[in-house]
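Accompanying notes for the structure given below.
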2 protein chains.
Amino acid sequence: MNNEGQERKVEGQERELRGVEARPRNWLVPVILLSLREWNSYGYELMERASAFGFEAMNPGTLYRTLRQMEKDGIVESTWETSRGGPARRMYTITDAGKSYLDFWAKSLEQYQHTMDNFFRLYTGRPLQEDKEKKDE
Amino acid sequence: MNNEGQERKVEGQERELRGVEARPRNWLVPVILLSLREWNSYGYELMERASAFGFEAMNPGTLYRTLRQMEKDGIVESTWETSRGGPARRMYTITDAGKSYLDFWAKSLEQYQHTMDNFFRLYTGRPLQEDKEKKDE
DNA sequence: ATACATATATGTAAAATGCACATAGAGTAT
DNA sequence: ATACTCTATGTGCATTTTACATATATGTAT
């Protein structure tokens, strides 16, 4: 019914294609909490650990701002560490609320995985194609 | 220096807790494309189908705006359908670029599933392959 | 001294998302 | 007729999330 003339607009498509990323929103928060549950740490180090979870080019600003927000929300706590050479570090610790929050996140992530399984089942499978053959309405 | 009012922060944490959702960014786009790959459709119907993919309370505005943007990006095309009773429908068709885009998304999603597997492996207590014991505190 | 790695942070803008509201055709009840 | 409801598509605005650029400071190596 409308399959003619689909040559234009390659430019806009290009823009979108570059930006495609399947990472969930706020991914950084659970990643930080998981790291802090293992051992206390600070921004600069957490930035490196975050790389292992899909943040190749982590921008410092984003991470530090996220940490401050997390502290405001009560899921982490921080103290300055000045007892060594070099610039002071703000050491972070996960709170009990943070652990609960991480559990909450994990549940949500699990759900997300099921949703993605459904997506792939539809994507790779061929649901009734020989019967339906593309109905338009 | 940063321990003021820890009790008050429960409120902020509450706010975050309610809002936690592990949906990926732009989730709506691949869901629409997947639907359109099966059969042509229009906003109102796509809205219902999207519910099956984690959009319980889909807002019309978000969906319609997304569809228009997708057309600008060349991954879908639309024509008005006025040949029947009731309000006119804008019927959407997936383009070749749209199919490529969906494939691209699927690859990204697959990659992300591995990342989440790593997350869960760490969360549930089983160490990551490349993980060494390394302590800061 | 100046260059570099470490370390934290702000300012601003763009993108994504959510919420409220606006418009309109068609059918049905009063 | 008019009021009401269901279908259907949209705009406006604010907030949230994310990205990008830049600023500051401390210690070490050259």
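A note on labels: chains of the structure tokens are A, B, ... as shown, every chain counts residues from 1, and ligands are counted from 1 in their shown order.
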Hey, list the chain D side of the contact with chain A: 10 Å cut-off, only C-alpha atoms (C1' of nucleotides), answer as a PyMOL selection string. chain D and resi 17-20+25-28
Mind running chain C against chain A at 8 Å and telling me each contacting residue's nearest atom pair with the distance in Å (one decimal), counting only C-alpha atoms (C1' of nucleotides), chain and number ascending, as a tab-separated table?
```
residue	atom	partner	partner_atom	distance
C:DT6	C1'	A:Pro87	CA	6.7
C:DA7	C1'	A:Pro87	CA	5.6
C:DT8	C1'	A:Tyr64	CA	7.4
C:DA9	C1'	A:Gly61	CA	7.2
```
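The residues of segment 59-109 of chain B that DSSP assigns to alpha helix (DSSP H) on this backbone come out as Pro60, Gly61, Thr62, Leu63, Tyr64, Arg65, Thr66, Leu67, Arg68, Gln69, Met70, Glu71, Lys72, Asp96, Ala97, Gly98, Lys99, Ser100, Tyr101, Leu102, Asp103, Phe104, Trp105, Ala106, Lys107, Ser108 and Leu109 of chain B.
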